[in-house]
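Visitor: My structure file my_file.txt, compact mmCIF, C-alpha atoms and all ligand atoms, is below:
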```txt
# COMPACT_ATOMS: atom_id res chain seq x y z
CA MET A 227 -31.43 -13.59 -17.79
CA GLN A 228 -31.35 -13.08 -21.55
CA THR A 229 -28.06 -11.24 -21.28
CA LYS A 230 -26.58 -13.89 -19.05
CA LEU A 231 -27.54 -16.69 -21.45
CA PHE A 232 -26.15 -14.75 -24.36
CA HIS A 233 -22.92 -14.24 -22.48
CA LEU A 234 -22.75 -17.96 -21.70
CA ALA A 235 -23.33 -18.93 -25.32
CA TYR A 236 -20.71 -16.43 -26.37
CA THR A 237 -18.31 -17.84 -23.78
CA ILE A 238 -18.73 -21.40 -24.98
CA ALA A 239 -18.26 -20.36 -28.60
CA ALA A 240 -15.24 -18.26 -27.74
CA LEU A 241 -13.59 -20.95 -25.64
CA PHE A 242 -14.20 -23.45 -28.42
CA MET A 243 -12.60 -21.25 -31.07
CA LEU A 244 -9.71 -20.38 -28.82
CA GLY A 245 -8.87 -24.06 -28.57
CA PHE A 246 -7.44 -23.76 -32.05
CA THR A 247 -5.55 -20.53 -31.62
CA ALA A 248 -4.21 -20.64 -28.06
CA HIS A 249 -0.46 -20.65 -27.70
CA ALA A 250 0.46 -24.33 -27.92
CA GLN A 251 3.45 -24.14 -25.57
CA VAL A 252 1.73 -22.68 -22.55
CA SER A 253 0.98 -25.12 -19.78
CA VAL A 254 -1.74 -24.73 -17.16
CA THR A 255 -1.26 -26.67 -13.93
CA THR A 256 -4.36 -26.95 -11.76
CA ASP A 257 -4.42 -28.06 -8.16
CA HIS A 258 -7.42 -28.61 -5.90
CA ASN A 259 -7.70 -29.01 -2.15
CA PRO A 260 -11.13 -30.42 -1.29
CA ASN A 261 -13.16 -28.73 1.47
CA ALA A 262 -12.07 -31.31 4.03
CA THR A 263 -8.35 -30.61 3.61
CA ALA A 264 -8.13 -26.96 2.47
CA THR A 265 -6.39 -24.65 4.95
CA ARG A 266 -5.33 -21.00 5.13
CA ALA A 267 -1.82 -22.07 4.05
CA PHE A 268 -2.96 -22.60 0.44
CA LYS A 269 -0.49 -25.47 0.14
CA PHE A 270 -0.79 -27.52 -3.05
CA LYS A 271 0.82 -30.61 -4.54
CA ASN A 272 2.05 -29.02 -7.75
CA VAL A 273 1.17 -25.33 -7.65
CA PRO A 274 3.35 -23.01 -5.52
CA SER A 275 1.70 -21.33 -2.53
CA PRO A 276 0.79 -17.63 -2.92
CA SER A 277 3.58 -15.07 -2.57
CA ARG A 278 3.76 -11.66 -0.91
CA ASP A 279 6.64 -10.18 -2.86
CA ASP A 280 5.97 -11.22 -6.44
CA ALA A 281 5.87 -8.83 -9.42
CA ALA A 282 2.13 -8.24 -8.92
CA ALA A 283 2.58 -6.88 -5.39
CA LYS A 284 2.93 -3.31 -6.67
CA ALA A 285 0.78 -3.66 -9.76
CA LYS A 286 -2.17 -1.37 -10.44
CA LEU A 287 -5.51 -3.04 -11.08
CA LEU A 288 -8.18 -1.54 -13.29
CA LEU A 289 -11.75 -2.76 -13.58
CA ILE A 290 -12.66 -2.63 -17.29
CA GLU A 291 -16.06 -4.27 -17.46
CA GLY A 292 -18.46 -5.84 -14.97
CA GLU A 293 -19.56 -5.04 -11.44
CA ALA A 294 -17.70 -6.03 -8.30
CA ASP A 295 -19.96 -7.61 -5.67
CA ALA A 296 -20.42 -5.15 -2.81
CA ASN A 297 -20.12 -8.02 -0.31
CA GLY A 298 -16.58 -8.69 -1.46
CA ALA A 299 -13.29 -6.82 -1.39
CA ASP A 300 -12.07 -4.54 -4.18
CA LEU A 301 -9.55 -5.67 -6.80
CA ASN A 302 -6.56 -4.78 -4.61
CA VAL A 303 -7.22 -7.83 -2.44
CA LEU A 304 -5.86 -9.90 -5.34
CA THR A 305 -2.32 -8.60 -4.95
CA ASP A 306 -2.01 -7.72 -1.24
CA GLY A 307 -0.44 -11.04 -0.25
CA ALA A 308 -3.16 -11.60 2.35
CA LEU A 309 -5.25 -14.75 2.07
CA PRO A 310 -8.66 -15.77 3.34
CA SER A 311 -8.44 -17.80 6.53
CA GLU A 312 -11.60 -19.79 5.95
CA GLU A 313 -13.59 -21.27 3.08
CA ASP A 314 -16.38 -18.69 2.82
CA GLN A 315 -14.93 -15.27 3.55
CA PRO A 316 -16.39 -12.69 1.13
CA ALA A 317 -14.40 -9.73 2.52
CA ALA A 318 -11.10 -11.50 1.77
CA ASN A 319 -11.92 -12.23 -1.88
CA PHE A 320 -12.78 -10.39 -5.07
CA PHE A 321 -15.83 -11.63 -6.96
CA TRP A 322 -18.17 -10.30 -9.63
CA ASN A 323 -21.70 -9.34 -8.65
CA ALA A 324 -24.28 -12.08 -8.08
CA GLY A 325 -26.39 -12.76 -11.16
CA THR A 326 -23.86 -11.31 -13.60
CA GLY A 327 -21.79 -13.28 -16.09
CA GLY A 328 -18.37 -12.14 -14.87
CA GLY A 329 -16.22 -9.27 -16.09
CA ARG A 330 -12.70 -8.22 -16.95
CA PHE A 331 -9.90 -6.34 -15.31
CA GLN A 332 -6.43 -5.24 -16.28
CA MET A 333 -3.21 -5.48 -14.30
CA ASP A 334 -0.43 -2.94 -14.97
CA LEU A 335 2.95 -4.21 -13.77
CA GLY A 336 4.47 -0.72 -14.17
CA SER A 337 7.07 -1.76 -16.75
CA ILE A 338 7.68 -4.56 -19.23
CA ILE A 339 8.92 -7.68 -17.49
CA GLU A 340 9.65 -11.20 -18.65
CA ILE A 341 7.06 -13.38 -16.93
CA ALA A 342 7.81 -16.94 -15.84
CA GLN A 343 4.52 -17.72 -14.11
CA VAL A 344 1.05 -16.33 -13.50
CA ASN A 345 -0.56 -18.06 -10.51
CA THR A 346 -4.17 -17.61 -9.44
CA TYR A 347 -5.89 -18.76 -6.25
CA SER A 348 -9.51 -19.13 -5.16
CA TRP A 349 -11.44 -20.64 -2.26
CA HIS A 350 -15.14 -21.31 -1.69
CA PRO A 351 -17.11 -24.31 -0.33
CA ASN A 352 -19.06 -24.91 -3.57
CA THR A 353 -19.61 -23.48 -7.07
CA ARG A 354 -17.68 -20.26 -6.46
CA GLY A 355 -14.48 -22.24 -5.97
CA PRO A 356 -13.41 -23.11 -9.56
CA GLN A 357 -11.79 -20.64 -11.92
CA VAL A 358 -12.84 -19.93 -15.51
CA TYR A 359 -11.01 -17.15 -17.32
CA ARG A 360 -8.98 -16.17 -20.32
CA LEU A 361 -5.62 -14.52 -19.79
CA TRP A 362 -4.27 -11.97 -22.24
CA GLY A 363 -1.01 -10.06 -22.15
CA SER A 364 0.44 -6.95 -23.78
CA ASP A 365 3.67 -4.98 -23.72
CA GLY A 366 1.60 -1.87 -24.45
CA ALA A 367 4.01 -0.90 -27.20
CA SER A 368 1.89 -1.12 -30.35
CA SER A 369 0.24 2.02 -31.73
CA ASN A 370 -3.19 0.35 -31.67
CA PHE A 371 -2.88 -0.67 -27.99
CA ASN A 372 -6.10 -0.26 -26.03
CA PRO A 373 -5.41 -0.55 -22.27
CA ALA A 374 -9.09 -0.97 -21.33
CA PRO A 375 -10.87 -2.91 -24.07
CA LYS A 376 -14.55 -3.64 -23.49
CA THR A 377 -15.93 -7.09 -24.37
CA ASN A 378 -17.03 -5.95 -27.86
CA VAL A 379 -13.45 -5.02 -28.78
CA ASP A 380 -11.21 -7.34 -30.81
CA LEU A 381 -8.35 -7.88 -28.36
CA ALA A 382 -5.93 -9.27 -30.91
CA ALA A 383 -6.39 -6.10 -32.97
CA SER A 384 -5.90 -3.93 -29.86
CA GLY A 385 -2.36 -4.94 -29.01
CA TRP A 386 -3.23 -7.97 -26.85
CA LYS A 387 -1.98 -11.54 -27.17
CA LEU A 388 -3.92 -14.52 -25.83
CA ILE A 389 -1.77 -16.36 -23.28
CA THR A 390 -4.16 -19.15 -22.34
CA VAL A 391 -7.62 -20.30 -21.26
CA VAL A 392 -8.16 -21.59 -17.71
CA ASP A 393 -11.07 -23.80 -16.67
CA THR A 394 -10.64 -25.78 -13.45
CA ARG A 395 -14.15 -27.25 -13.37
CA SER A 396 -14.39 -31.02 -13.10
CA LYS A 397 -16.83 -33.08 -15.14
CA GLU A 398 -18.33 -34.44 -11.93
CA GLY A 399 -19.35 -30.94 -10.91
CA ASP A 400 -18.38 -31.37 -7.26
CA ASP A 401 -16.31 -28.27 -7.26
CA GLY A 402 -15.98 -26.85 -3.79
CA GLY A 403 -12.67 -26.18 -2.12
CA GLN A 404 -9.47 -24.38 -2.82
CA PHE A 405 -7.97 -23.99 -6.28
CA GLY A 406 -4.47 -23.08 -7.36
CA VAL A 407 -3.57 -22.49 -11.00
CA SER A 408 -0.05 -22.03 -12.32
CA ILE A 409 0.43 -20.83 -15.90
CA THR A 410 3.93 -21.49 -17.22
CA ASP A 411 5.81 -22.28 -20.38
CA PRO A 412 8.30 -25.17 -20.67
CA ARG A 413 10.78 -22.70 -22.22
CA GLY A 414 10.78 -20.75 -18.93
CA SER A 415 9.03 -17.61 -20.14
CA LEU A 416 5.46 -16.72 -21.01
CA GLY A 417 6.77 -13.63 -22.77
CA LYS A 418 7.51 -9.98 -22.05
CA PHE A 419 4.48 -8.08 -20.84
CA ARG A 420 3.59 -4.94 -18.95
CA TYR A 421 -0.18 -5.54 -18.90
CA LEU A 422 -2.26 -8.60 -18.16
CA LEU A 423 -5.98 -8.83 -18.82
CA PHE A 424 -8.18 -11.29 -16.94
CA ASP A 425 -11.43 -12.07 -18.71
CA CYS A 426 -13.52 -13.90 -16.09
CA TYR A 427 -16.61 -16.07 -16.53
CA VAL A 428 -19.15 -17.70 -14.24
CA THR A 429 -18.61 -21.33 -13.27
CA GLU A 430 -22.31 -22.17 -13.65
CA THR A 431 -25.66 -20.50 -14.36
CA ALA A 432 -27.98 -22.78 -12.35
CA ASP A 433 -28.31 -19.98 -9.79
CA GLU A 434 -26.94 -16.47 -9.31
CA PHE A 435 -23.84 -17.55 -7.45
CA GLY A 436 -21.41 -18.76 -10.05
CA ASN A 437 -18.78 -16.03 -9.78
CA THR A 438 -15.48 -17.26 -8.40
CA PHE A 439 -14.10 -16.10 -5.05
CA TYR A 440 -10.65 -14.99 -6.27
CA SER A 441 -8.21 -14.79 -3.35
CA GLU A 442 -4.84 -13.85 -4.85
CA ILE A 443 -2.99 -13.45 -8.15
CA ASP A 444 0.79 -13.75 -8.33
CA VAL A 445 3.03 -12.80 -11.23
CA ILE A 446 6.49 -14.35 -11.04
CA ALA A 447 9.21 -12.62 -13.04
CA LYS A 448 11.78 -14.74 -14.85
CA ARG A 449 15.09 -14.68 -12.99
CA CA B 1 0.98 -11.92 -4.22
```
Show how you would write the structure in this file as structure tokens.
Ligand SMILES: [Ca+2]
Guide:
Amino acid sequence: MQTKLFHLAYTIAALFMLGFTAHAQVSVTTDHNPNATATRAFKFKNVPSPSRDDAAAKAKLLLIEGEADANGADLNVLTDGALPSEEDQPAANFFWNAGTGGGRFQMDLGSIIEIAQVNTYSWHPNTRGPQVYRLWGSDGASSNFNPAPKTNVDLAASGWKLITVVDTRSKEGDDGGQFGVSITDPRGSLGKFRYLLFDCYVTETADEFGNTFYSEIDVIAKR
């Protein structure tokens, strides 16, 4: 419990500070289908539906810190193009272990590509629906690059650049359903990256079940 609270306090402080340093141009579009209307099609008003043949389809995923929940799928479910068919389907989602404060994983795209969009999808009937994470990117080219930085490592000093902070929670707290997030830049490119790092946090600490059911992550290369 102590560790979890510490992590939460750290998260709040970190998110607050990042508000001043995040890349000003990056835009985060969030879409939400409430429980009553969410379907396996993952169709949203403003966020594109998940893709099977995006740049993440052949990416390698590496768990850096945290424990995957044994009731869920492994990280590869995030890039396999397959989607959950119902709102509470642990085996079709990746989520961090119950009672833990989240974790981080790295995605290796295999080579440096210019990224137009990073889109993330989740689905759960209540508090495991929303998404809270920080997204970092790296081209892996700097001499100080650390491909698997633990949470006590200074990412900016390890060759990583903060792309943005995502938090889809609503103030009302009624957060079940399906979420789609699309991270873009009005200039058409988020930058040139080979590696992405997802630093994930719990959506709440009122019980042990605040880790998001992540269904899919797409990376769209700039054409
Ligand atoms: Ca995909």
Visitor: May I have the residues within 8 Å of ligand CA 1 (chain B), computed using all atoms listed in the file, as number ranges by chain?
Guide: A: 276-283, 304-308, 442-445
Visitor: Which residues come within 7 Å of A:Phe270, counting only C-alpha atoms, excluding same-chain residues fewer than 4 positions away, as JSON, numbers by chain?
Guide: {"A": [257, 274, 275]}
Visitor: Would you pick out the contacts of stretch 361-366 of chain A at 6 Å or less, using all atoms listed in the file, so that residues sharing its chain but fewer than 6 positions from it are not included, and give the list as a list in words?
Guide: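 In the requested form, the answer reads Trp386, Lys387, Leu388, Ile389, Thr390, Phe419, Arg420, Tyr421, Leu422, Leu423 and Phe424 of chain A.
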Visitor: Residues proximal to (-3.8, -29.1, -17.7) were defined as those with any atom within 10 Å of that point in the file's coordinates, counting all atoms listed in the file. Which are they, as a tab-separated table (two decimals) with C-alpha atoms, keeping the file's coordinate frame?
Guide:
```
chain	number	residue	atom	x	y	z
A	252	VAL	CA	1.73	-22.68	-22.55
A	253	SER	CA	0.98	-25.12	-19.78
A	254	VAL	CA	-1.74	-24.73	-17.16
A	255	THR	CA	-1.26	-26.67	-13.93
A	256	THR	CA	-4.36	-26.95	-11.76
A	257	ASP	CA	-4.42	-28.06	-8.16
A	392	VAL	CA	-8.16	-21.59	-17.71
A	393	ASP	CA	-11.07	-23.80	-16.67
A	394	THR	CA	-10.64	-25.78	-13.45
A	407	VAL	CA	-3.57	-22.49	-11.00
A	408	SER	CA	-0.05	-22.03	-12.32
A	409	ILE	CA	0.43	-20.83	-15.90
```
Visitor: Taking into account only C-alpha atoms, which residue in the set A:Ser396, A:Asn370, A:Ser441, A:Thr431 is nearest to A:Thr326?
Guide: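 Closest to A:Thr326 of all the choices is A:Thr431.
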Visitor: May I have the protein, DNA and RNA residues with an atom at most 10 Å from (-18.1, -17.5, -7.9), counting all atoms listed in the file in the file's coordinates, returned as an NGL selection string?
Guide: :A and (320-324 or 327-328 or 348-350 or 352-358 or 427-430 or 434-440)
Visitor: When distances are computed from all atoms listed in the file, which of A:Thr410, A:Asn297, A:Thr377, A:Asn319 shows the smallest separation from A:Val344?
Guide: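 That would be A:Thr410, the residue with the smallest distance to A:Val344.
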Visitor: Using all atoms listed in the file, which of A:Ala382, A:Ile338, A:Val391, A:Ala299 sits nearest A:Ala367?
Guide: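 Distance minimum relative to A:Ala367 lands on A:Ile338.
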Visitor: Quick one: pull the distance between atom CA of A:Gln251 and atom CA of A:Gly417, Å, one decimal.
Guide: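 Value for the atom CA of A:Gln251-atom CA of A:Gly417 distance: 11.4 Å.
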Visitor: Pick from A:Gly292, A:Pro260, A:Gly414, A:Arg266: nearest to A:Glu340, with only C-alpha atoms counted?
Guide: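 Among the listed residues, A:Gly414 lies closest to A:Glu340.
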Visitor: What is the distance, in Å and to one decimal place, between atom CA of A:Thr265 and atom CA of A:Tyr347?
Guide: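 Calculated distance between atom CA of A:Thr265 and atom CA of A:Tyr347 is 12.7 Å.
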Visitor: Hey, what's within 8 Å of A:Phe331 if we count all atoms listed in the file and toss same-chain stuff fewer than 5 positions away? As a list in words, please?
Guide: Leu287, Leu288, Leu289, Ile290, Glu291, Leu423, Phe424 and Asp425 of chain A
Visitor: Given the choices A:Asn345, A:Asn302, A:Asn259, A:Ser415, which gets closest to A:Lys448 if the distance is worked out from all atoms listed in the file?
Guide: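 Of all the options, A:Ser415 lies closest to A:Lys448.
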Visitor: Record the distance separating atom CA of A:Asn372 and atom CA of A:Tyr359, expressed in Å with one decimal.
Guide: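 Distance reported for this atom pair: 19.6 Å.
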